[in-house]
$ cat start.txt   # compact mmCIF, C-alpha atoms and all ligand atoms
# COMPACT_ATOMS: atom_id res chain seq x y z
CA MET A 1 -24.83 9.77 10.90
CA THR A 2 -27.22 12.24 9.29
CA ALA A 3 -30.64 10.67 8.75
CA PRO A 4 -31.42 10.54 5.03
CA LEU A 5 -34.62 12.14 3.73
CA ALA A 6 -37.45 9.66 3.30
CA GLY A 7 -37.02 7.84 -0.01
CA SER A 8 -33.50 9.14 -0.64
CA LEU A 9 -30.32 7.12 -0.29
CA PRO A 10 -27.72 8.22 2.27
CA ASP A 11 -24.54 9.73 0.83
CA PRO A 12 -21.97 7.06 -0.01
CA PRO A 13 -18.60 7.22 1.76
CA LYS A 14 -16.50 9.69 -0.24
CA HIS A 15 -13.22 7.81 0.24
CA VAL A 16 -13.05 4.02 0.55
CA ALA A 17 -9.69 2.34 1.19
CA ILE A 18 -9.10 -1.40 0.98
CA ILE A 19 -6.45 -3.74 2.38
CA MET A 20 -6.72 -6.54 -0.19
CA ASP A 21 -5.67 -9.52 1.92
CA GLY A 22 -6.03 -13.25 1.39
CA ASN A 23 -4.66 -13.92 -2.10
CA GLY A 24 -2.13 -16.44 -0.77
CA ARG A 25 -4.67 -18.38 1.29
CA TRP A 26 -7.14 -18.37 -1.61
CA ALA A 27 -4.48 -19.99 -3.81
CA ALA A 28 -3.29 -22.43 -1.11
CA ALA A 29 -6.86 -23.67 -0.62
CA ARG A 30 -6.83 -24.64 -4.32
CA GLY A 31 -3.33 -26.12 -4.32
CA GLN A 32 -2.14 -23.22 -6.48
CA SER A 33 0.86 -20.91 -6.27
CA ARG A 34 0.78 -17.54 -4.48
CA GLN A 35 1.26 -16.01 -7.92
CA SER A 36 -2.07 -17.39 -9.14
CA GLY A 37 -3.66 -15.99 -5.98
CA HIS A 38 -2.42 -12.51 -6.86
CA GLN A 39 -3.53 -13.03 -10.44
CA ALA A 40 -7.00 -13.93 -9.19
CA GLY A 41 -6.83 -10.76 -7.07
CA ALA A 42 -6.77 -8.56 -10.16
CA GLY A 43 -10.40 -9.52 -10.99
CA PRO A 44 -11.96 -7.90 -7.92
CA VAL A 45 -9.90 -4.74 -8.55
CA ARG A 46 -11.88 -4.25 -11.77
CA THR A 47 -15.24 -5.24 -10.23
CA VAL A 48 -14.84 -3.15 -7.10
CA LEU A 49 -13.63 -0.09 -9.01
CA LYS A 50 -16.69 -0.20 -11.25
CA ALA A 51 -19.09 -0.87 -8.37
CA ALA A 52 -17.58 1.87 -6.20
CA SER A 53 -17.83 4.35 -9.05
CA ASN A 54 -21.47 3.40 -9.72
CA LEU A 55 -22.28 3.77 -6.02
CA GLY A 56 -20.95 7.34 -6.03
CA VAL A 57 -17.66 6.78 -4.18
CA LYS A 58 -15.23 9.53 -5.27
CA TYR A 59 -11.91 8.04 -4.09
CA LEU A 60 -10.87 4.39 -3.95
CA THR A 61 -7.43 3.61 -2.52
CA LEU A 62 -6.03 0.08 -2.77
CA TYR A 63 -3.07 -1.31 -0.82
CA ALA A 64 -1.34 -3.07 -3.72
CA PHE A 65 2.24 -3.29 -2.39
CA SER A 66 3.44 -2.26 1.06
CA THR A 67 6.89 -1.16 2.21
CA GLU A 68 6.97 -4.45 4.14
CA ASN A 69 6.13 -6.49 1.02
CA TRP A 70 9.69 -5.82 -0.25
CA ALA A 71 10.74 -8.52 2.24
CA ARG A 72 8.78 -11.22 0.37
CA GLY A 73 10.62 -13.67 -1.86
CA GLN A 74 12.17 -12.17 -4.99
CA ASP A 75 9.95 -14.32 -7.24
CA GLU A 76 6.76 -13.14 -5.57
CA VAL A 77 7.85 -9.48 -5.68
CA GLU A 78 8.76 -9.76 -9.37
CA ASN A 79 5.47 -11.49 -10.13
CA LEU A 80 3.50 -8.81 -8.32
CA PHE A 81 5.22 -6.06 -10.28
CA ALA A 82 4.67 -7.91 -13.56
CA LEU A 83 0.99 -8.20 -12.66
CA LEU A 84 0.75 -4.53 -11.78
CA THR A 85 2.45 -3.49 -15.01
CA GLN A 86 0.13 -5.74 -16.97
CA TYR A 87 -2.89 -4.29 -15.15
CA LEU A 88 -1.82 -0.71 -15.84
CA ASP A 89 -1.06 -1.38 -19.51
CA SER A 90 -4.19 -3.40 -20.21
CA GLU A 91 -6.68 -1.32 -18.21
CA VAL A 92 -5.71 2.18 -19.20
CA ALA A 93 -8.16 2.32 -22.13
CA GLU A 94 -10.99 1.16 -19.88
CA LEU A 95 -9.99 3.66 -17.16
CA LEU A 96 -10.09 6.44 -19.75
CA GLN A 97 -13.48 5.36 -21.03
CA GLU A 98 -14.91 5.15 -17.51
CA GLY A 99 -13.54 8.58 -16.51
CA VAL A 100 -11.29 7.11 -13.81
CA ARG A 101 -8.31 9.17 -12.65
CA LEU A 102 -5.41 6.93 -11.64
CA LYS A 103 -2.68 7.84 -9.17
CA GLY A 104 0.20 6.02 -7.52
CA VAL A 105 0.96 6.80 -3.87
CA GLY A 106 4.02 5.62 -2.01
CA ASP A 107 7.79 5.60 -2.23
CA LEU A 108 7.45 5.33 -6.01
CA LYS A 109 11.13 5.87 -6.82
CA ARG A 110 11.84 2.38 -5.42
CA LEU A 111 9.63 0.74 -8.04
CA PRO A 112 11.13 -1.07 -11.03
CA GLN A 113 11.36 1.03 -14.20
CA GLU A 114 8.64 -0.88 -16.08
CA VAL A 115 6.11 -0.22 -13.30
CA LEU A 116 7.13 3.46 -13.14
CA THR A 117 6.73 3.84 -16.89
CA ALA A 118 3.31 2.16 -16.97
CA LEU A 119 2.20 4.19 -13.95
CA ALA A 120 3.41 7.52 -15.35
CA GLN A 121 1.62 6.81 -18.62
CA ALA A 122 -1.64 5.86 -16.92
CA GLU A 123 -1.45 8.88 -14.62
CA GLU A 124 -0.81 11.24 -17.49
CA LEU A 125 -3.53 9.83 -19.74
CA THR A 126 -6.17 9.88 -17.00
CA ALA A 127 -5.10 13.13 -15.29
CA HIS A 128 -8.05 15.15 -16.58
CA ASN A 129 -10.72 12.56 -15.93
CA LYS A 130 -13.49 13.71 -13.64
CA GLY A 131 -14.77 10.39 -12.28
CA ILE A 132 -13.58 8.31 -9.36
CA THR A 133 -9.90 8.63 -8.35
CA LEU A 134 -8.24 5.22 -8.09
CA SER A 135 -5.09 5.42 -5.98
CA LEU A 136 -2.76 2.45 -5.96
CA ALA A 137 -0.62 2.38 -2.83
CA LEU A 138 2.71 1.03 -4.11
CA SER A 139 5.79 0.64 -1.96
CA TYR A 140 3.61 2.37 0.59
CA GLY A 141 3.91 2.46 4.38
CA SER A 142 2.48 5.15 6.66
CA ARG A 143 5.52 5.44 8.88
CA ALA A 144 7.78 5.95 5.87
CA GLU A 145 5.26 8.47 4.50
CA LEU A 146 5.21 10.47 7.75
CA THR A 147 9.00 10.31 8.01
CA ALA A 148 9.43 11.58 4.44
CA ALA A 149 6.94 14.42 5.02
CA THR A 150 8.72 15.43 8.24
CA ARG A 151 12.08 15.41 6.46
CA ASP A 152 10.68 17.56 3.61
CA LEU A 153 9.32 20.10 6.08
CA ALA A 154 12.63 20.17 8.00
CA ILE A 155 14.48 20.89 4.73
CA LYS A 156 12.08 23.77 4.01
CA VAL A 157 12.57 25.20 7.50
CA LYS A 158 16.35 24.94 7.12
CA ALA A 159 16.16 26.71 3.75
CA GLY A 160 14.10 29.49 5.34
CA GLU A 161 11.11 28.73 3.10
CA ILE A 162 8.81 28.19 6.08
CA ALA A 163 9.00 28.89 9.81
CA PRO A 164 8.51 26.08 12.38
CA SER A 165 5.32 27.86 13.43
CA ASP A 166 3.94 27.42 9.87
CA ILE A 167 3.79 23.66 10.44
CA ASN A 168 0.21 22.73 11.24
CA GLU A 169 -2.04 19.76 10.51
CA ASP A 170 -2.98 21.05 7.06
CA LEU A 171 0.61 21.59 5.95
CA LEU A 172 1.71 18.20 7.26
CA ALA A 173 -1.25 16.51 5.53
CA GLN A 174 -0.40 18.24 2.24
CA SER A 175 3.21 17.08 2.53
CA LEU A 176 2.22 13.40 2.62
CA TRP A 177 2.34 11.11 -0.43
CA THR A 178 -1.43 11.07 0.02
CA GLY A 179 -1.40 14.90 0.08
CA THR A 180 -4.17 15.38 -2.46
CA LEU A 181 -6.48 12.71 -1.03
CA PRO A 182 -9.23 13.44 1.48
CA ASP A 183 -9.53 11.57 4.78
CA VAL A 184 -10.74 7.98 4.49
CA ASP A 185 -14.38 7.41 5.44
CA LEU A 186 -14.47 3.62 5.22
CA LEU A 187 -11.52 1.24 5.54
CA ILE A 188 -12.16 -2.35 4.47
CA ARG A 189 -9.83 -5.27 5.16
CA THR A 190 -10.53 -8.63 3.57
CA GLY A 191 -9.06 -11.97 4.61
CA GLY A 192 -10.10 -12.13 8.28
CA GLU A 193 -7.22 -10.33 10.00
CA LYS A 194 -8.11 -7.31 12.11
CA ARG A 195 -5.20 -4.96 11.74
CA ILE A 196 -4.22 -1.80 9.90
CA SER A 197 -0.75 -2.91 8.71
CA ASN A 198 0.77 0.57 8.42
CA PHE A 199 -1.89 1.75 5.93
CA LEU A 200 -2.96 5.41 5.66
CA LEU A 201 -2.52 6.06 9.40
CA TRP A 202 -2.99 9.83 9.07
CA ARG A 203 -5.98 9.56 6.75
CA ILE A 204 -7.91 6.96 8.77
CA ALA A 205 -8.06 9.00 12.00
CA TYR A 206 -11.89 8.95 11.91
CA ALA A 207 -12.52 6.20 9.35
CA GLU A 208 -15.07 3.51 10.05
CA LEU A 209 -13.34 0.10 10.01
CA TYR A 210 -14.87 -2.94 8.33
CA PHE A 211 -13.31 -6.40 8.53
CA THR A 212 -14.54 -9.36 6.54
CA GLU A 213 -13.48 -13.01 6.42
CA THR A 214 -13.91 -13.02 2.63
CA LEU A 215 -10.59 -13.52 0.87
CA TRP A 216 -9.76 -10.77 -1.63
CA PRO A 217 -10.14 -12.90 -4.82
CA ASP A 218 -13.72 -13.71 -3.68
CA PHE A 219 -14.65 -10.10 -2.86
CA GLY A 220 -17.26 -8.66 -5.21
CA GLU A 221 -19.90 -6.02 -5.70
CA GLU A 222 -22.26 -7.48 -3.08
CA ASP A 223 -19.44 -7.50 -0.51
CA LEU A 224 -18.73 -3.83 -1.22
CA LYS A 225 -22.42 -3.03 -0.87
CA ALA A 226 -22.53 -4.90 2.46
CA ALA A 227 -19.54 -2.90 3.73
CA ILE A 228 -21.19 0.37 2.68
CA ALA A 229 -24.51 -0.66 4.27
CA ASP A 230 -22.60 -1.35 7.49
CA PHE A 231 -20.93 2.07 7.18
CA HIS A 232 -24.37 3.69 7.00
CA SER A 233 -25.41 1.94 10.22
CA ARG A 234 -22.58 3.65 12.15
CA GLN A 235 -22.92 6.90 14.03
CA ARG A 236 -19.90 9.08 13.22
CA ARG A 237 -19.20 11.44 16.08
CA TYR A 238 -15.61 12.62 15.43
CA GLY A 239 -14.98 12.73 19.18
CA ARG A 240 -18.06 14.86 19.85
CA THR A 241 -21.34 14.00 21.52
CA ILE A 242 -24.43 14.11 19.36
C1 LIG B 301 -2.13 -9.64 0.26
O1 LIG B 301 -2.45 -11.00 0.15
C2 LIG B 301 -2.08 -9.04 -1.05
C3 LIG B 301 -0.98 -8.46 -1.60
C4 LIG B 301 0.31 -8.38 -0.93
C5 LIG B 301 -1.00 -7.92 -2.97
C6 LIG B 301 -2.26 -7.30 -3.46
C7 LIG B 301 -2.22 -7.40 -4.91
C8 LIG B 301 -3.24 -7.70 -5.69
C9 LIG B 301 -4.63 -7.86 -5.21
C10 LIG B 301 -2.92 -7.95 -7.12
C11 LIG B 301 -3.71 -7.16 -8.06
C12 LIG B 301 -3.64 -5.71 -7.82
C13 LIG B 301 -3.81 -4.81 -8.80
C14 LIG B 301 -3.87 -3.37 -8.46
C15 LIG B 301 -3.94 -5.20 -10.20
P1 LIG B 301 -1.48 -12.08 0.79
O2 LIG B 301 -0.58 -12.56 -0.28
O3 LIG B 301 -0.77 -11.51 1.97
O4 LIG B 301 -2.50 -13.18 1.22
P2 LIG B 301 -2.36 -14.19 2.45
O5 LIG B 301 -2.50 -13.36 3.70
O6 LIG B 301 -3.52 -15.11 2.25
O7 LIG B 301 -1.03 -14.86 2.31
$ encode --input "start.txt" --output "structure tokens"
Amino acid sequence: MTAPLAGSLPDPPKHVAIIMDGNGRWAAARGQSRQSGHQAGAGPVRTVLKAASNLGVKYLTLYAFSTENWARGQDEVENLFALLTQYLDSEVAELLQEGVRLKGVGDLKRLPQEVLTALAQAEELTAHNKGITLSLALSYGSRAELTAATRDLAIKVKAGEIAPSDINEDLLAQSLWTGTLPDVDLLIRTGGEKRISNFLLWRIAYAELYFTETLWPDFGEEDLKAAIADFHSRQRRYGRTI
């Protein structure tokens, strides 16, 4: 960690990624359905986006629907997509006003048409915004992402567009669904579990990891600030000695 100048604040993490876990348990503790837990989870998305932007974070990536989530009950999957569509449709004006650039990352072609339409519209409308980039990981899994990138590169080699020796870390990184995102600086997981769950494996190579017991619907601005304060207490060495 670089010591900040006296009186100045240390630089915020440029890219914060969040595994938003705990909606189901939050709802169960209140005798409510999983659906209402996810609904309650939309609140912190708004709060955390605003807080992250105000704190100077440039990229916020949220794990909204994983490749593995397709295996959940049909009702829950449909409800999640309805919620996402509703979020995209209802928030786009606010995103525009706040200068947020929205992107979807993942195996997007698997998404239902209404989500794709809402996503495409939000992406297009916010494409020229210069503020924080909010990436929603949808139908996302790192292994599928790396497999797809490898397949794309193999096709290019076969077509003679590139030589095998052209494949390096930069080209592989650019070929990922997260190709335009920088590496993650801080990865937060709410809900008490301490695992990565196939999220952004390439991009978190040197991320600082922060786990909190707080369930996602209860996560707010102060929790984000606490995670960032913890990030500033770490010494990032990237495999080197200092
Ligand atoms: C994990 O909690 C959460 C999800 C699978 C979905 C995340 C979705 C949201 C927060 C909805 C709102 C998102 C946006 C972008 C509007 P879980 O259901 O696995 O919780 P549990 O571990 O307590 O069962």
$ residues_around --input "start.txt" --residues "Gly56 (chain A)" --least-positions-apart "6" --cutoff "10 Å" --atoms "all atoms listed in the file" --output "list of chain:residue names"
A:Asp11, A:Pro12, A:Pro13, A:Lys14, A:His15, A:Gly131, A:Ile132
$ residues_around --input "start.txt" --residues "Gln121 (chain A)" --least-positions-apart "4" --cutoff "9 Å" --atoms "all atoms listed in the file" --output "PyMOL selection string"
chain A and resi 88-89+92+116-117+125-126
$ write_last_selection --input "start.txt" --atoms "C-alpha atoms" --output "mmCIF file, in the coordinates of the input"
data_model
loop_
_atom_site.group_PDB
_atom_site.id
_atom_site.type_symbol
_atom_site.label_atom_id
_atom_site.label_comp_id
_atom_site.auth_asym_id
_atom_site.auth_seq_id
_atom_site.Cartn_x
_atom_site.Cartn_y
_atom_site.Cartn_z
ATOM 1 C CA LEU A 88 -1.820 -0.710 -15.840
ATOM 2 C CA ASP A 89 -1.060 -1.380 -19.510
ATOM 3 C CA VAL A 92 -5.710 2.180 -19.200
ATOM 4 C CA LEU A 116 7.130 3.460 -13.140
ATOM 5 C CA THR A 117 6.730 3.840 -16.890
ATOM 6 C CA LEU A 125 -3.530 9.830 -19.740
ATOM 7 C CA THR A 126 -6.170 9.880 -17.000
#
$ closest_residue --input "start.txt" --among "A:Tyr206, A:Phe231, A:Tyr238, A:Phe219" --to "ligand LIG 301 (chain B)" --atoms "all atoms listed in the file"
A:Phe219
$ closest_atom_pairs --input "start.txt" --of "region 52-72 of chain A" --to "region 178-189 of chain A" --cutoff "10 Å" --atoms "only C-alpha atoms" --output "Markdown table"
| residue | atom | partner | partner_atom | distance |
| --- | --- | --- | --- | --- |
| A:Lys58 | CA | A:Pro182 | CA | 9.8 |
| A:Tyr59 | CA | A:Leu181 | CA | 7.8 |
| A:Leu60 | CA | A:Val184 | CA | 9.2 |
| A:Thr61 | CA | A:Val184 | CA | 8.9 |
| A:Leu62 | CA | A:Ile188 | CA | 9.8 |
| A:Tyr63 | CA | A:Arg189 | CA | 9.9 |
$ closest_residue --input "start.txt" --among "A:Glu98, A:Asp223, A:Asp230, A:Asp21" --to "ligand LIG 301 (chain B)" --atoms "only C-alpha atoms and all ligand atoms"
A:Asp21
$ atom_distance --input "start.txt" --atom1 "CA of Leu102 (chain A)" --atom2 "CA of Leu119 (chain A)"
8.4 Å
$ residues_around --input "start.txt" --residues "region 196-201 of chain A" --least-positions-apart "6" --cutoff "7 Å" --atoms "all atoms listed in the file" --output "PyMOL selection string"
chain A and resi 141-143
$ write_last_selection --input "start.txt" --atoms "C-alpha atoms" --output "mmCIF file, in the coordinates of the input"
data_model
loop_
_atom_site.group_PDB
_atom_site.id
_atom_site.type_symbol
_atom_site.label_atom_id
_atom_site.label_comp_id
_atom_site.auth_asym_id
_atom_site.auth_seq_id
_atom_site.Cartn_x
_atom_site.Cartn_y
_atom_site.Cartn_z
ATOM 1 C CA GLY A 141 3.910 2.460 4.380
ATOM 2 C CA SER A 142 2.480 5.150 6.660
ATOM 3 C CA ARG A 143 5.520 5.440 8.880
#
$ residues_near_ligand --input "start.txt" --ligand "ligand LIG 301 (chain B)" --cutoff "8 Å" --atoms "all atoms listed in the file" --output "PyMOL selection string"
chain A and resi 19-27+34+37-45+62-66+69+80+83-84+86-88+136+191+215-217
$ closest_residue --input "start.txt" --among "A:Asp166, A:Glu78, A:Asp152, A:Glu221" --to "Glu114 (chain A)" --atoms "all atoms listed in the file"
A:Glu78
$ closest_residue --input "start.txt" --among "A:Ala148, A:Val77, A:Ala28, A:Ala17" --to "Leu134 (chain A)" --atoms "all atoms listed in the file"
A:Ala17
$ decode --input "start.txt" --residues "region 46-62 of chain A" --atoms "N, CA, C and O atoms" --output "tab-separated table (two decimals), in the first residue's frame"
chain	number	residue	atom	x	y	z
A	46	ARG	N	-28.99	-0.12	-5.39
A	46	ARG	CA	-29.07	1.33	-5.60
A	46	ARG	C	-28.13	2.07	-4.64
A	46	ARG	O	-27.35	2.94	-5.04
A	47	THR	N	-28.23	1.71	-3.33
A	47	THR	CA	-27.43	2.41	-2.31
A	47	THR	C	-25.95	2.26	-2.57
A	47	THR	O	-25.18	3.22	-2.49
A	48	VAL	N	-25.54	1.02	-2.86
A	48	VAL	CA	-24.11	0.73	-2.99
A	48	VAL	C	-23.55	1.37	-4.26
A	48	VAL	O	-22.43	1.88	-4.28
A	49	LEU	N	-24.35	1.38	-5.32
A	49	LEU	CA	-23.91	2.02	-6.56
A	49	LEU	C	-23.63	3.51	-6.31
A	49	LEU	O	-22.58	4.05	-6.69
A	50	LYS	N	-24.56	4.16	-5.65
A	50	LYS	CA	-24.41	5.59	-5.37
A	50	LYS	C	-23.21	5.85	-4.46
A	50	LYS	O	-22.38	6.74	-4.72
A	51	ALA	N	-23.11	5.03	-3.41
A	51	ALA	CA	-22.01	5.22	-2.45
A	51	ALA	C	-20.67	4.97	-3.12
A	51	ALA	O	-19.71	5.73	-2.94
A	52	ALA	N	-20.59	3.90	-3.93
A	52	ALA	CA	-19.32	3.57	-4.59
A	52	ALA	C	-18.93	4.71	-5.52
A	52	ALA	O	-17.77	5.14	-5.55
A	53	SER	N	-19.88	5.23	-6.26
A	53	SER	CA	-19.61	6.33	-7.18
A	53	SER	C	-19.11	7.55	-6.40
A	53	SER	O	-18.11	8.16	-6.77
A	54	ASN	N	-19.79	7.88	-5.31
A	54	ASN	CA	-19.37	9.03	-4.50
A	54	ASN	C	-17.98	8.85	-3.89
A	54	ASN	O	-17.26	9.82	-3.68
A	55	LEU	N	-17.63	7.60	-3.62
A	55	LEU	CA	-16.31	7.33	-3.01
A	55	LEU	C	-15.19	7.30	-4.05
A	55	LEU	O	-14.03	7.12	-3.71
A	56	GLY	N	-15.56	7.40	-5.34
A	56	GLY	CA	-14.54	7.46	-6.38
A	56	GLY	C	-14.20	6.13	-7.03
A	56	GLY	O	-13.25	6.04	-7.80
A	57	VAL	N	-15.00	5.09	-6.72
A	57	VAL	CA	-14.80	3.79	-7.37
A	57	VAL	C	-15.20	3.96	-8.85
A	57	VAL	O	-16.20	4.61	-9.15
A	58	LYS	N	-14.41	3.40	-9.75
A	58	LYS	CA	-14.68	3.59	-11.19
A	58	LYS	C	-15.48	2.43	-11.80
A	58	LYS	O	-16.16	2.59	-12.81
A	59	TYR	N	-15.33	1.25	-11.23
A	59	TYR	CA	-16.01	0.05	-11.76
A	59	TYR	C	-16.63	-0.72	-10.59
A	59	TYR	O	-15.94	-1.02	-9.62
A	60	LEU	N	-17.91	-1.03	-10.73
A	60	LEU	CA	-18.60	-1.86	-9.74
A	60	LEU	C	-19.21	-3.04	-10.49
A	60	LEU	O	-19.98	-2.84	-11.44
A	61	THR	N	-18.84	-4.25	-10.11
A	61	THR	CA	-19.36	-5.43	-10.80
A	61	THR	C	-20.12	-6.29	-9.81
A	61	THR	O	-19.59	-6.67	-8.76
A	62	LEU	N	-21.38	-6.57	-10.14
A	62	LEU	CA	-22.27	-7.30	-9.22
A	62	LEU	C	-22.64	-8.66	-9.80
A	62	LEU	O	-23.04	-8.76	-10.97
